[in-house]
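> Next comes start.tsv, TSV, C-alpha atoms:
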chain	number	residue	atom	x	y	z
M	19	ALA	CA	0.00	0.00	0.00
M	20	VAL	CA	1.13	3.50	-0.73
M	21	VAL	CA	1.60	5.45	2.46
M	22	SER	CA	3.20	8.76	1.70
M	23	THR	CA	1.29	10.69	-0.83
M	24	GLN	CA	0.99	13.93	-2.64
M	25	SER	CA	-2.47	15.07	-1.76
M	26	THR	CA	-4.24	17.84	-3.61
M	27	GLY	CA	-4.27	19.80	-0.36
M	28	THR	CA	-0.50	19.82	-0.18
M	29	HIS	CA	-0.28	20.80	-3.84
M	30	ASN	CA	-2.46	23.80	-3.05
M	31	MET	CA	0.09	24.98	-0.48
M	32	MET	CA	3.12	24.61	-2.76
M	33	LYS	CA	4.67	27.12	-5.12
M	34	SER	CA	7.78	27.17	-7.25
M	35	HIS	CA	11.04	28.01	-5.47
M	36	CYS	CA	13.10	28.28	-8.65
M	37	LYS	CA	15.51	31.24	-8.70
M	38	GLY	CA	14.05	34.48	-9.96
M	39	VAL	CA	10.49	33.28	-10.28
M	40	VAL	CA	7.97	36.04	-9.63
M	41	ASN	CA	4.74	34.11	-9.45
M	42	GLY	CA	5.31	30.40	-9.11
M	43	PHE	CA	1.81	29.48	-8.01
M	44	PRO	CA	0.24	27.12	-8.72
M	45	LEU	CA	2.58	24.40	-9.87
M	46	LYS	CA	1.22	22.65	-12.94
M	47	LEU	CA	0.12	19.18	-12.09
M	48	SER	CA	0.17	16.11	-14.27
M	49	SER	CA	-0.44	12.63	-13.03
M	50	THR	CA	0.00	9.18	-14.46
M	51	GLN	CA	-1.26	7.41	-11.36
M	52	VAL	CA	-3.83	8.57	-8.86
M	53	GLU	CA	-5.16	6.73	-5.82
M	54	VAL	CA	-8.17	7.35	-3.67
M	55	LYS	CA	-8.25	6.38	-0.03
M	56	GLU	CA	-10.52	6.91	2.94
M	57	VAL	CA	-9.66	9.52	5.52
M	58	GLU	CA	-11.87	10.28	8.49
M	59	PHE	CA	-13.90	13.46	7.95
M	60	ASN	CA	-13.35	16.30	10.40
M	61	ALA	CA	-15.70	19.20	9.62
M	62	ASP	CA	-13.93	21.63	11.93
M	63	PHE	CA	-10.58	20.97	10.30
M	64	ILE	CA	-11.90	21.43	6.77
M	65	THR	CA	-13.70	24.62	7.79
M	66	ARG	CA	-10.51	26.01	9.26
M	67	MET	CA	-8.54	25.14	6.15
M	68	LEU	CA	-10.97	26.91	3.79
M	69	GLU	CA	-9.51	30.37	4.25
M	70	ARG	CA	-5.96	29.11	3.58
M	71	LEU	CA	-6.82	27.54	0.26
M	72	GLU	CA	-6.37	29.17	-3.10
M	73	TRP	CA	-9.75	28.13	-4.40
M	74	GLY	CA	-9.16	28.60	-8.14
M	75	ALA	CA	-6.01	26.47	-8.01
M	76	LEU	CA	-7.84	23.79	-6.05
M	77	VAL	CA	-10.64	23.54	-8.58
M	78	GLU	CA	-8.09	23.48	-11.40
M	79	ALA	CA	-6.09	20.68	-9.79
M	80	ALA	CA	-9.26	18.74	-9.02
M	81	SER	CA	-10.37	19.09	-12.65
M	82	GLN	CA	-6.96	17.83	-13.76
M	83	LEU	CA	-7.49	14.74	-11.64
M	84	GLY	CA	-11.08	14.32	-12.72
M	85	VAL	CA	-12.58	14.85	-9.27
M	86	ALA	CA	-13.98	18.38	-9.54
M	87	ASP	CA	-17.63	17.29	-9.77
M	88	GLY	CA	-19.63	18.91	-7.02
M	89	LEU	CA	-16.95	21.45	-6.08
M	90	PRO	CA	-18.48	24.91	-5.90
M	91	GLU	CA	-16.93	27.55	-8.18
M	92	MET	CA	-16.24	29.84	-5.28
M	93	VAL	CA	-15.11	29.22	-1.71
M	94	PRO	CA	-18.21	28.31	0.24
M	95	SER	CA	-19.20	30.82	2.87
M	96	SER	CA	-20.88	29.89	6.10
M	97	GLY	CA	-24.51	30.60	6.78
M	98	LYS	CA	-25.99	27.85	4.66
M	99	GLU	CA	-28.25	25.12	5.93
M	100	ALA	CA	-26.18	22.81	8.14
M	101	GLU	CA	-26.86	19.79	5.93
M	102	GLU	CA	-25.96	21.54	2.70
M	103	GLU	CA	-22.83	22.89	4.27
M	104	GLU	CA	-21.74	19.46	5.46
M	105	ASP	CA	-22.16	17.98	1.98
M	106	VAL	CA	-19.92	20.64	0.52
M	107	LEU	CA	-17.35	20.22	3.28
M	108	ARG	CA	-17.31	16.47	2.69
M	109	LYS	CA	-16.71	17.03	-0.99
M	110	ILE	CA	-13.83	19.38	-0.21
M	111	HIS	CA	-12.44	16.90	2.33
M	112	HIS	CA	-12.47	14.24	-0.37
M	113	VAL	CA	-10.55	16.39	-2.83
M	114	LEU	CA	-8.07	17.72	-0.27
M	115	LEU	CA	-7.18	14.59	1.64
M	116	GLU	CA	-8.48	11.49	-0.13
M	117	VAL	CA	-7.26	11.94	-3.70
M	118	GLU	CA	-3.57	11.36	-4.13
M	119	ILE	CA	-1.01	11.48	-6.88
M	120	THR	CA	1.29	8.50	-6.61
M	121	GLU	CA	3.10	9.03	-9.92
M	122	GLY	CA	3.28	12.26	-11.86
M	123	GLU	CA	4.97	15.61	-12.23
M	124	LEU	CA	4.86	19.11	-10.87
M	125	GLU	CA	5.99	21.91	-13.17
M	126	CYS	CA	7.09	25.45	-12.42
M	127	PRO	CA	4.65	27.70	-14.31
M	128	GLU	CA	7.42	30.20	-15.19
M	129	THR	CA	10.55	28.20	-15.92
M	130	GLY	CA	8.92	24.97	-17.05
M	131	ARG	CA	11.23	23.06	-14.68
M	132	LYS	CA	9.66	19.67	-13.97
M	133	PHE	CA	9.77	17.90	-10.62
M	134	PRO	CA	8.95	14.19	-10.51
M	135	ILE	CA	6.48	12.56	-8.13
M	136	LYS	CA	7.46	8.95	-7.42
M	137	ASN	CA	5.73	6.67	-4.91
M	138	GLY	CA	3.70	9.68	-3.89
M	139	ILE	CA	6.73	11.78	-3.01
M	140	PRO	CA	7.63	14.87	-5.03
M	141	ASP	CA	11.37	15.50	-5.39
M	142	MET	CA	11.66	19.30	-5.36
M	143	ARG	CA	15.44	19.50	-5.01
M	144	LEU	CA	17.05	22.14	-7.20
M	145	ASN	CA	20.49	22.04	-8.77
M	146	GLU	CA	23.16	24.54	-7.63
M	147	ASP	CA	22.44	26.93	-10.47
M	148	GLU	CA	18.68	26.91	-10.06
J	8	MET	CA	-2.83	8.11	25.09
J	9	LYS	CA	-0.46	8.10	28.03
J	10	ARG	CA	3.07	9.44	27.61
J	11	LYS	CA	4.58	6.06	28.50
J	12	GLN	CA	2.41	4.38	25.88
J	13	LEU	CA	3.53	6.87	23.25
J	14	GLU	CA	7.17	6.30	24.17
J	15	SER	CA	6.70	2.57	23.91
J	16	LEU	CA	5.22	2.86	20.42
J	17	LEU	CA	7.92	5.26	19.26
J	18	GLU	CA	10.64	2.81	20.29
J	19	ASP	CA	9.70	0.83	17.20
J	20	VAL	CA	10.57	3.66	14.82
J	21	ASP	CA	13.61	2.49	12.85
J	22	ARG	CA	16.73	4.63	12.83
J	23	PHE	CA	18.81	5.97	9.95
J	24	SER	CA	20.05	3.16	7.72
J	25	ASN	CA	22.75	5.38	6.23
J	26	PRO	CA	23.40	8.45	8.41
J	27	LYS	CA	25.45	11.31	6.97
J	28	ILE	CA	27.78	13.47	9.06
J	29	SER	CA	27.36	16.55	6.91
J	30	LEU	CA	23.61	16.59	7.48
J	31	GLU	CA	24.01	15.98	11.24
J	32	GLN	CA	21.79	12.95	11.01
J	33	TYR	CA	21.17	11.18	14.28
J	34	PRO	CA	17.87	9.81	15.53
J	35	THR	CA	15.77	11.60	18.14
J	36	ASP	CA	15.56	9.41	21.22
J	37	PRO	CA	12.02	7.95	21.71
J	38	HIS	CA	11.88	8.98	25.38
J	39	LEU	CA	12.70	12.56	24.43
J	40	ALA	CA	10.33	12.53	21.47
J	41	ALA	CA	7.44	11.29	23.61
J	42	ASN	CA	8.15	13.89	26.29
J	43	VAL	CA	8.29	16.87	23.97
J	44	LEU	CA	5.29	15.84	21.90
J	45	TYR	CA	3.30	15.26	25.06
J	46	THR	CA	4.28	18.70	26.31
J	47	ILE	CA	3.25	20.31	23.04
J	48	GLN	CA	-0.17	18.69	23.16
J	49	SER	CA	-1.02	18.74	26.86
J	50	GLY	CA	0.53	22.14	27.46
J	51	TYR	CA	-0.63	23.96	24.34
J	52	GLY	CA	-3.02	21.75	22.36
J	53	ASP	CA	-0.88	22.31	19.28
J	54	ILE	CA	-1.03	18.78	17.85
J	55	GLU	CA	-4.51	17.28	18.05
J	56	GLY	CA	-6.74	18.30	15.15
J	57	ARG	CA	-3.97	20.44	13.69
J	58	SER	CA	-2.03	20.56	10.44
J	59	ILE	CA	1.63	20.10	11.23
J	60	VAL	CA	4.81	20.69	9.23
J	61	GLU	CA	8.02	18.97	10.23
J	62	LEU	CA	11.31	20.36	8.90
J	63	GLY	CA	14.22	17.96	8.54
J	64	THR	CA	12.08	14.93	9.30
J	65	GLY	CA	14.79	12.26	9.09
J	66	CYS	CA	13.32	8.86	10.00
J	67	GLY	CA	10.10	10.47	11.15
J	68	ILE	CA	9.80	9.79	14.87
J	69	LEU	CA	8.34	13.24	15.58
J	70	SER	CA	5.87	13.12	12.66
J	71	ILE	CA	4.76	9.63	13.63
J	72	GLY	CA	4.34	10.77	17.23
J	73	CYS	CA	2.19	13.68	16.07
J	74	VAL	CA	-0.11	11.31	14.21
J	75	MET	CA	-0.40	9.15	17.32
J	76	LEU	CA	-1.40	12.20	19.33
J	77	GLY	CA	-4.18	13.04	16.88
J	78	ALA	CA	-2.69	15.45	14.37
J	79	GLU	CA	-5.12	15.85	11.47
J	80	HIS	CA	-2.36	16.02	8.86
J	81	VAL	CA	1.41	16.17	8.78
J	82	THR	CA	3.64	17.44	5.96
J	83	ALA	CA	7.12	16.00	6.38
J	84	LEU	CA	10.03	17.77	4.69
J	85	GLU	CA	13.34	15.96	4.17
J	86	VAL	CA	16.20	16.48	1.71
J	87	ASP	CA	18.12	13.20	1.91
J	88	SER	CA	16.97	10.29	-0.29
J	89	ASP	CA	18.15	7.60	2.14
J	90	ALA	CA	16.29	9.27	4.99
J	91	VAL	CA	13.19	9.58	2.79
J	92	GLU	CA	13.37	5.83	2.21
J	93	ASP	CA	13.74	5.15	5.95
J	94	LEU	CA	10.83	7.51	6.61
J	95	THR	CA	8.63	5.82	4.03
J	96	GLU	CA	9.35	2.42	5.54
J	97	ASN	CA	8.52	3.68	9.00
J	98	LEU	CA	5.24	5.21	7.80
J	99	SER	CA	4.41	1.91	6.14
J	100	GLU	CA	5.27	-0.10	9.28
J	101	PHE	CA	3.00	2.08	11.37
J	102	GLU	CA	0.32	2.10	8.63
J	103	ILE	CA	0.18	5.86	8.68
J	104	GLU	CA	-1.73	7.54	5.91
J	105	ASN	CA	-2.07	11.20	6.81
J	106	VAL	CA	1.54	12.20	6.31
J	107	ASP	CA	2.61	13.81	3.02
J	108	VAL	CA	6.34	13.62	2.39
J	109	VAL	CA	8.03	16.29	0.27
J	110	GLN	CA	11.69	15.90	-0.63
J	111	CYS	CA	13.26	19.36	-0.60
J	112	ASP	CA	15.97	21.59	0.83
J	113	ILE	CA	14.65	23.74	3.70
J	114	THR	CA	17.42	26.24	3.16
J	115	SER	CA	16.55	27.08	-0.44
J	116	PRO	CA	16.43	30.90	-0.76
J	117	SER	CA	12.82	30.89	-1.79
J	118	SER	CA	10.18	28.96	0.16
J	119	LEU	CA	8.50	26.02	-1.49
J	120	PHE	CA	5.24	26.82	0.25
J	121	ARG	CA	2.86	29.74	0.47
J	122	GLU	CA	3.11	31.55	3.77
J	123	HIS	CA	1.47	30.46	6.99
J	124	CYS	CA	-0.37	27.46	5.59
J	125	PHE	CA	0.24	25.09	8.50
J	126	ASP	CA	-0.89	25.37	12.11
J	127	THR	CA	2.19	24.13	13.96
J	128	ALA	CA	5.84	23.56	13.02
J	129	ILE	CA	7.92	20.96	14.83
J	130	MET	CA	11.58	20.13	14.26
J	131	ASN	CA	14.88	18.85	15.57
J	132	PRO	CA	17.14	20.85	13.24
J	133	PRO	CA	20.84	20.45	12.49
J	134	PHE	CA	22.82	22.65	14.88
J	135	GLY	CA	25.36	23.97	12.41
J	136	THR	CA	28.35	22.07	13.74
J	137	LYS	CA	29.49	20.61	10.43
J	138	ASN	CA	30.61	23.54	8.29
J	139	ASN	CA	27.02	24.70	8.11
J	140	GLU	CA	26.93	27.38	10.79
J	141	GLY	CA	23.70	29.34	10.93
J	142	ILE	CA	21.63	26.51	9.52
J	143	ASP	CA	19.60	26.24	12.72
J	144	MET	CA	18.49	29.87	12.30
J	145	GLU	CA	17.56	29.19	8.67
J	146	PHE	CA	15.37	26.32	9.82
J	147	LEU	CA	13.76	28.53	12.44
J	148	ASP	CA	13.09	31.34	9.98
J	149	ARG	CA	11.59	28.97	7.45
J	150	ALA	CA	9.42	27.30	10.11
J	151	LEU	CA	7.96	30.68	11.10
J	152	CYS	CA	7.26	31.38	7.46
J	153	LEU	CA	5.46	28.07	6.98
J	154	CYS	CA	3.18	28.04	10.00
J	155	ARG	CA	0.74	30.47	11.53
J	156	GLY	CA	0.94	29.13	15.07
J	157	ALA	CA	3.86	28.07	17.21
J	158	VAL	CA	7.23	26.61	16.25
J	159	TYR	CA	8.72	23.93	18.50
J	160	SER	CA	12.43	23.33	18.06
J	161	PHE	CA	15.74	22.33	19.61
J	162	HIS	CA	18.75	24.64	19.73
J	163	LYS	CA	22.08	24.65	21.52
J	164	THR	CA	21.77	26.32	24.93
J	165	SER	CA	24.83	28.38	23.98
J	166	THR	CA	22.69	30.11	21.33
J	167	ARG	CA	19.76	30.84	23.64
J	168	ASP	CA	20.41	34.55	24.18
J	169	PHE	CA	21.11	35.15	20.52
J	170	ILE	CA	17.95	33.37	19.42
J	171	THR	CA	15.77	35.06	22.03
J	172	ARG	CA	17.02	38.55	21.15
J	173	ARG	CA	16.62	37.92	17.47
J	174	MET	CA	13.14	36.44	17.72
J	175	GLU	CA	11.92	39.12	20.13
J	176	GLY	CA	13.32	41.72	17.77
J	177	MET	CA	11.09	40.25	15.09
J	178	GLY	CA	8.04	40.42	17.37
J	179	TYR	CA	7.92	36.80	18.50
J	180	HIS	CA	7.90	35.33	21.98
J	181	VAL	CA	10.36	32.65	23.04
J	182	ALA	CA	9.77	30.18	25.85
J	183	VAL	CA	12.41	27.65	26.87
J	184	LEU	CA	10.26	24.63	27.72
J	185	ALA	CA	13.08	22.34	28.79
J	186	GLU	CA	16.83	22.10	29.04
J	187	MET	CA	18.55	18.85	28.34
J	188	LYS	CA	21.73	17.21	27.22
J	189	PHE	CA	21.79	15.60	23.82
J	190	SER	CA	23.93	12.55	23.73
J	191	ILE	CA	25.19	12.26	20.19
J	192	PRO	CA	26.35	8.69	19.94
J	193	GLN	CA	29.52	7.57	18.31
J	194	MET	CA	27.96	6.73	14.99
J	195	TYR	CA	30.72	8.53	13.22
J	196	LYS	CA	34.39	7.53	13.21
J	197	MET	CA	35.62	11.06	13.86
J	198	HIS	CA	34.26	11.16	17.44
J	199	ARG	CA	37.01	9.80	19.59
J	200	GLN	CA	34.80	9.63	22.72
J	201	ARG	CA	31.91	7.19	23.11
J	202	GLU	CA	29.42	10.01	22.98
J	203	VAL	CA	29.38	13.78	22.84
J	204	LEU	CA	27.10	15.65	25.27
J	205	VAL	CA	25.63	18.93	24.05
J	206	ALA	CA	23.48	21.24	26.20
J	207	VAL	CA	20.23	21.83	24.32
J	208	ASP	CA	17.08	23.91	24.81
J	209	PHE	CA	13.66	22.78	23.69
J	210	ILE	CA	11.93	26.02	22.77
J	211	ARG	CA	8.57	27.36	21.72
J	212	VAL	CA	8.50	30.39	19.43
J	213	SER	CA	5.10	31.97	19.14
J	214	ARG	CA	3.31	35.02	17.93
J	215	ASP	CA	1.14	35.43	21.00
J	216	PRO	CA	2.42	35.82	24.55
J	217	THR	CA	1.63	32.73	26.63
How does this structure look as C-alpha cells?


Amino acid sequence: AVVSTQSTGTHNMMKSHCKGVVNGFPLKLSSTQVEVKEVEFNADFITRMLERLEWGALVEAASQLGVADGLPEMVPSSGKEAEEEEDVLRKIHHVLLEVEITEGELECPETGRKFPIKNGIPDMRLNEDE
Amino acid sequence: MKRKQLESLLEDVDRFSNPKISLEQYPTDPHLAANVLYTIQSGYGDIEGRSIVELGTGCGILSIGCVMLGAEHVTALEVDSDAVEDLTENLSEFEIENVDVVQCDITSPSSLFREHCFDTAIMNPPFGTKNNEGIDMEFLDRALCLCRGAVYSFHKTSTRDFITRRMEGMGYHVAVLAEMKFSIPQMYKMHRQREVLVAVDFIRVSRDPT
C-alpha cells in the first residue's frame, strides 16, 4: 500500500522556489497514477482550512485529476443550511485529503522546470544553479 | 494516550540506515520525542486536530508521534533520499496515511510553500556544527514562514540569548520549555569519545504571549 502521498491539499500549499520566479503558483500538475483512499472526515478541520486555500487552483487541480464534480466555483461561505454545508465540506475533504497522486509531475509555471512525483513523493530538489 | 504508551510505540521507529555526518543525522531518542510531543499537546493543544509541518524529518519519529497524538495532517520535509526511504518504511510499518512527504531543501532561498499554511511547526534541526553554521536559524526562519501558530524546536543552549534577542526583535515570543543534554552517539568515526554531550534547549517560538 502506498503510504506517503501527494495530496491535492499539499499541492495547493506549494509554489515554485526556482531562482528568480515572480509568481510560481500554482505548480502545474500532471499525473499518471492517482489513488483514492478513505480519511476520516473532520468538519472543523476542513472549515478552518478553507480560508488558507487558493480556491481557483484547487478547482483546477481537481479538474486535472477528474474529481472536480460537485466542487463549488467559489469558496463556500458559512450561513448555509447545516446539511448543505456538510455535503460541501465532505466534498472538499475528499478532494483535499483522499485523492492522491502517486506518480506524476509538478511543473514550475514560469521556468517549465519539472519535478517528478514517485511513490507519492515529489522531489523538489534544485540544482546549484537553479 | 499516556506518555509512557507513546514512548513505547515510538521505540519501534527504525533509525537511519545510512546516516550522513554533513547533514548531522542522528535519531531523536524515543523517550525525548514522547516527552516533547506530550508537552506540546497537553501544554498547548498544538497537535490534536492540527495541520503540522516537520522540517528535517529524518526517519520520522516526531511526525509519527504527532499522528499518534491526533494530528489531522502532517507534511514532512526531508532532503536526503536515504532518509526519505527510511521515513517511508517507518510510515508503512506504522500504517500511517495522513503524512505527506516532500523531498526538498529547507534552506533554499525561496520557500516552497505559500506563507502560513500550517498550524504548527515541529523540528529537531541540524545545529550547524558541520561547516554549516547558521543553519539552525535558517530552519527557524523557514518554520515561522510556513506556519501560523507556534514553532517547537531544539537549539544549543549556547545560542539561547542570541535566538531570544533575534526572535523578540522580530516580534515573536520565546519560551524555553526544557533544558537537556543531547547525547550524540559515536555513529561517526571522527568522534574519539563514546558520545558527545551537548546542552540543548527545547523552545517554543510563538506570535502570542503565553

> So how far away is CA of Tyr159 in chain J from CA of Leu115 in chain M, in Å?

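Distance between the two atoms: 25.0 Å.
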
> Please provide as a PDB file with C-alpha atoms, in the coordinates of the input all residues within 7 Å of range 108-114 of chain M, with the sequence filter that same-chain residues fewer than 5 positions apart are discarded (counting only C-alpha atoms).


ATOM      1  CA  SER M  25      -2.470  15.070  -1.760  1.00  0.00           C
ATOM      2  CA  THR M  26      -4.240  17.840  -3.610  1.00  0.00           C
ATOM      3  CA  GLY M  27      -4.270  19.800  -0.360  1.00  0.00           C
ATOM      4  CA  PHE M  59     -13.900  13.460   7.950  1.00  0.00           C
ATOM      5  CA  ILE M  64     -11.900  21.430   6.770  1.00  0.00           C
ATOM      6  CA  ALA M  80      -9.260  18.740  -9.020  1.00  0.00           C
ATOM      7  CA  VAL M  85     -12.580  14.850  -9.270  1.00  0.00           C
ATOM      8  CA  GLY M  88     -19.630  18.910  -7.020  1.00  0.00           C
ATOM      9  CA  LEU M  89     -16.950  21.450  -6.080  1.00  0.00           C
TER      10      LEU M  89
END

> Could you give me, as a ChimeraX atom specification, the residues within 6 Å of range 106-115 of chain J, counting only C-alpha atoms and dropping anything in the same chain fewer than 4 positions from it?

/M:22-24,139-143 /J:81-86

> Provide the CA of Leu68 in chain M to CA of Tyr51 in chain J distance in Å, to one decimal place.

23.2 Å

> So that I can check the surroundings of range 147-152 of chain J, please list as a VMD selection string every protein, DNA and RNA residue that reaches within 12 Å of it, counting only C-alpha atoms and ignoring chain neighbours fewer than 6 positions away.

chain J and resid 59 to 63 84 112 to 134 141 158 to 162 170 to 171 173 to 174 177 to 181 210 to 214

> Can you write out the residues you just picked, keeping C-alpha atoms, as a short mmCIF file (atom, residue, chain, number, x, y, z; two decimals), in the frame of the given file?


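Saved file part.cif follows:
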data_model
loop_
_atom_site.label_atom_id
_atom_site.label_comp_id
_atom_site.auth_asym_id
_atom_site.auth_seq_id
_atom_site.Cartn_x
_atom_site.Cartn_y
_atom_site.Cartn_z
CA ILE J 59 1.63 20.10 11.23
CA VAL J 60 4.81 20.69 9.23
CA GLU J 61 8.02 18.97 10.23
CA LEU J 62 11.31 20.36 8.90
CA GLY J 63 14.22 17.96 8.54
CA LEU J 84 10.03 17.77 4.69
CA ASP J 112 15.97 21.59 0.83
CA ILE J 113 14.65 23.74 3.70
CA THR J 114 17.42 26.24 3.16
CA SER J 115 16.55 27.08 -0.44
CA PRO J 116 16.43 30.90 -0.76
CA SER J 117 12.82 30.89 -1.79
CA SER J 118 10.18 28.96 0.16
CA LEU J 119 8.50 26.02 -1.49
CA PHE J 120 5.24 26.82 0.25
CA ARG J 121 2.86 29.74 0.47
CA GLU J 122 3.11 31.55 3.77
CA HIS J 123 1.47 30.46 6.99
CA CYS J 124 -0.37 27.46 5.59
CA PHE J 125 0.24 25.09 8.50
CA ASP J 126 -0.89 25.37 12.11
CA THR J 127 2.19 24.13 13.96
CA ALA J 128 5.84 23.56 13.02
CA ILE J 129 7.92 20.96 14.83
CA MET J 130 11.58 20.13 14.26
CA ASN J 131 14.88 18.85 15.57
CA PRO J 132 17.14 20.85 13.24
CA PRO J 133 20.84 20.45 12.49
CA PHE J 134 22.82 22.65 14.88
CA GLY J 141 23.70 29.34 10.93
CA VAL J 158 7.23 26.61 16.25
CA TYR J 159 8.72 23.93 18.50
CA SER J 160 12.43 23.33 18.06
CA PHE J 161 15.74 22.33 19.61
CA HIS J 162 18.75 24.64 19.73
CA ILE J 170 17.95 33.37 19.42
CA THR J 171 15.77 35.06 22.03
CA ARG J 173 16.62 37.92 17.47
CA MET J 174 13.14 36.44 17.72
CA MET J 177 11.09 40.25 15.09
CA GLY J 178 8.04 40.42 17.37
CA TYR J 179 7.92 36.80 18.50
CA HIS J 180 7.90 35.33 21.98
CA VAL J 181 10.36 32.65 23.04
CA ILE J 210 11.93 26.02 22.77
CA ARG J 211 8.57 27.36 21.72
CA VAL J 212 8.50 30.39 19.43
CA SER J 213 5.10 31.97 19.14
CA ARG J 214 3.31 35.02 17.93
#

> Could you check the closest approach to Leu144 in chain M for each of M:His29, M:Leu76, M:Lys132, M:Val57 and tell me which residue wins, using all atoms listed in the file?

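Selected residue with least distance to Leu144 in chain M: M:Lys132.
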
> Nearest to chain M among J:Leu44, J:Leu16, J:Val207, J:Ile103, with distances taken over only C-alpha atoms: which residue is it?

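Ranked by minimum distance to chain M, first place goes to J:Ile103.
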
> Which residue, M:Ser48, M:Asn30, M:Asn60, M:Asn41, has the smallest gap to Glu55 in chain J when you use all atoms listed in the file?

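Of the candidates, the smallest distance to Glu55 in chain J is held by M:Asn60.
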
> When you look at Ile135 in chain M with a cut-off of 6 Å (counting all atoms listed in the file), what residues show up, excluding the ones that are within fewer than 5 positions of it in the same chain? I need them as a PyMOL selection string.

chain M and resi 121-123+140

> Produce a file of the selected residues containing C-alpha atoms, as an mmCIF file, in the coordinates of the input.


data_model
loop_
_atom_site.group_PDB
_atom_site.id
_atom_site.type_symbol
_atom_site.label_atom_id
_atom_site.label_comp_id
_atom_site.auth_asym_id
_atom_site.auth_seq_id
_atom_site.Cartn_x
_atom_site.Cartn_y
_atom_site.Cartn_z
ATOM 1 C CA GLU M 121 3.100 9.030 -9.920
ATOM 2 C CA GLY M 122 3.280 12.260 -11.860
ATOM 3 C CA GLU M 123 4.970 15.610 -12.230
ATOM 4 C CA PRO M 140 7.630 14.870 -5.030
#

> Have a look at J:Leu204, J:Ile71, J:Val20, J:Val43 and name the one nearest to Lys163 in chain J; count all atoms listed in the file.

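Using all atoms listed in the file, Lys163 in chain J sits closest to J:Leu204.
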
> Kindly give the distance, in Å, that separates CA of Asp87 in chain J and CA of Val40 in chain M, rounded to a single decimal.

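Going from CA of Asp87 in chain J over to CA of Val40 in chain M covers 27.5 Å.
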
> Ranking M:Ala86, M:Met92, M:Leu124, M:Ala79 by minimum distance to chain J and counting all atoms listed in the file, which one comes first?

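Closest to chain J of all the choices is M:Leu124.
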
> Considering only C-alpha atoms, can you say which of M:Ile119, M:Val52, M:Val39, M:Met31 comes closest to chain J?

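Going through M:Ile119, M:Val52, M:Val39, M:Met31 one by one, the smallest distance to chain J is for M:Met31.
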
> Would you be able to write out as a PyMOL selection string which residues have an atom within 10 Å of (-4.0, 28.6, -7.1) in the file's coordinates, counting only C-alpha atoms?

chain M and resi 29-33+42-46+71-79

> Write the residues you've just listed into a file as a PDB file, in the coordinates of the input, and include C-alpha atoms for each of them.


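So part12.pdb came out as:
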ATOM      1  CA  HIS M  29      -0.280  20.800  -3.840  1.00  0.00           C
ATOM      2  CA  ASN M  30      -2.460  23.800  -3.050  1.00  0.00           C
ATOM      3  CA  MET M  31       0.090  24.980  -0.480  1.00  0.00           C
ATOM      4  CA  MET M  32       3.120  24.610  -2.760  1.00  0.00           C
ATOM      5  CA  LYS M  33       4.670  27.120  -5.120  1.00  0.00           C
ATOM      6  CA  GLY M  42       5.310  30.400  -9.110  1.00  0.00           C
ATOM      7  CA  PHE M  43       1.810  29.480  -8.010  1.00  0.00           C
ATOM      8  CA  PRO M  44       0.240  27.120  -8.720  1.00  0.00           C
ATOM      9  CA  LEU M  45       2.580  24.400  -9.870  1.00  0.00           C
ATOM     10  CA  LYS M  46       1.220  22.650 -12.940  1.00  0.00           C
ATOM     11  CA  LEU M  71      -6.820  27.540   0.260  1.00  0.00           C
ATOM     12  CA  GLU M  72      -6.370  29.170  -3.100  1.00  0.00           C
ATOM     13  CA  TRP M  73      -9.750  28.130  -4.400  1.00  0.00           C
ATOM     14  CA  GLY M  74      -9.160  28.600  -8.140  1.00  0.00           C
ATOM     15  CA  ALA M  75      -6.010  26.470  -8.010  1.00  0.00           C
ATOM     16  CA  LEU M  76      -7.840  23.790  -6.050  1.00  0.00           C
ATOM     17  CA  VAL M  77     -10.640  23.540  -8.580  1.00  0.00           C
ATOM     18  CA  GLU M  78      -8.090  23.480 -11.400  1.00  0.00           C
ATOM     19  CA  ALA M  79      -6.090  20.680  -9.790  1.00  0.00           C
TER      20      ALA M  79
END

> Kindly list the centre and edge lengths in Å, rounded to one decimal, for the axis-aligned box that covers all listed atoms of range 73-87 of chain J plus 4 Å on each of its six sides, as JSON.


{"center_x": 6.5, "center_y": 13.5, "center_z": 10.5, "size_x": 31.2, "size_y": 16.6, "size_z": 25.6}

> May I have the residues within 10 Å of Thr65 in chain M as an mmCIF file with C-alpha atoms, keeping the file's coordinate frame, using only C-alpha atoms and disregarding those fewer than 6 positions away in the same chain?


data_model
loop_
_atom_site.group_PDB
_atom_site.id
_atom_site.type_symbol
_atom_site.label_atom_id
_atom_site.label_comp_id
_atom_site.auth_asym_id
_atom_site.auth_seq_id
_atom_site.Cartn_x
_atom_site.Cartn_y
_atom_site.Cartn_z
ATOM 1 C CA PRO M 94 -18.210 28.310 0.240
ATOM 2 C CA SER M 95 -19.200 30.820 2.870
ATOM 3 C CA SER M 96 -20.880 29.890 6.100
ATOM 4 C CA GLU M 103 -22.830 22.890 4.270
ATOM 5 C CA GLU M 104 -21.740 19.460 5.460
ATOM 6 C CA LEU M 107 -17.350 20.220 3.280
ATOM 7 C CA ILE M 110 -13.830 19.380 -0.210
ATOM 8 C CA HIS M 111 -12.440 16.900 2.330
#

> Starting from the incomplete input, reconstruct N, CA and C atoms of range 212-217 of chain J and report them as a CSV table (one decimal), in the frame of the given file.


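Okay, this is what ended up in selection_1.csv:
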chain,number,residue,atom,x,y,z
J,212,VAL,N,8.5,29.0,20.0
J,212,VAL,CA,8.5,30.4,19.4
J,212,VAL,C,7.1,30.7,19.0
J,213,SER,N,6.5,31.7,19.5
J,213,SER,CA,5.1,32.0,19.1
J,213,SER,C,4.8,33.4,18.8
J,214,ARG,N,3.7,33.7,18.3
J,214,ARG,CA,3.3,35.0,17.9
J,214,ARG,C,2.6,35.7,19.1
J,215,ASP,N,1.9,34.9,19.9
J,215,ASP,CA,1.1,35.4,21.0
J,215,ASP,C,1.9,35.2,22.3
J,216,PRO,N,1.8,36.1,23.3
J,216,PRO,CA,2.4,35.8,24.6
J,216,PRO,C,1.6,34.7,25.2
J,217,THR,N,2.3,33.8,25.9
J,217,THR,CA,1.6,32.7,26.6
J,217,THR,C,1.8,32.8,28.1
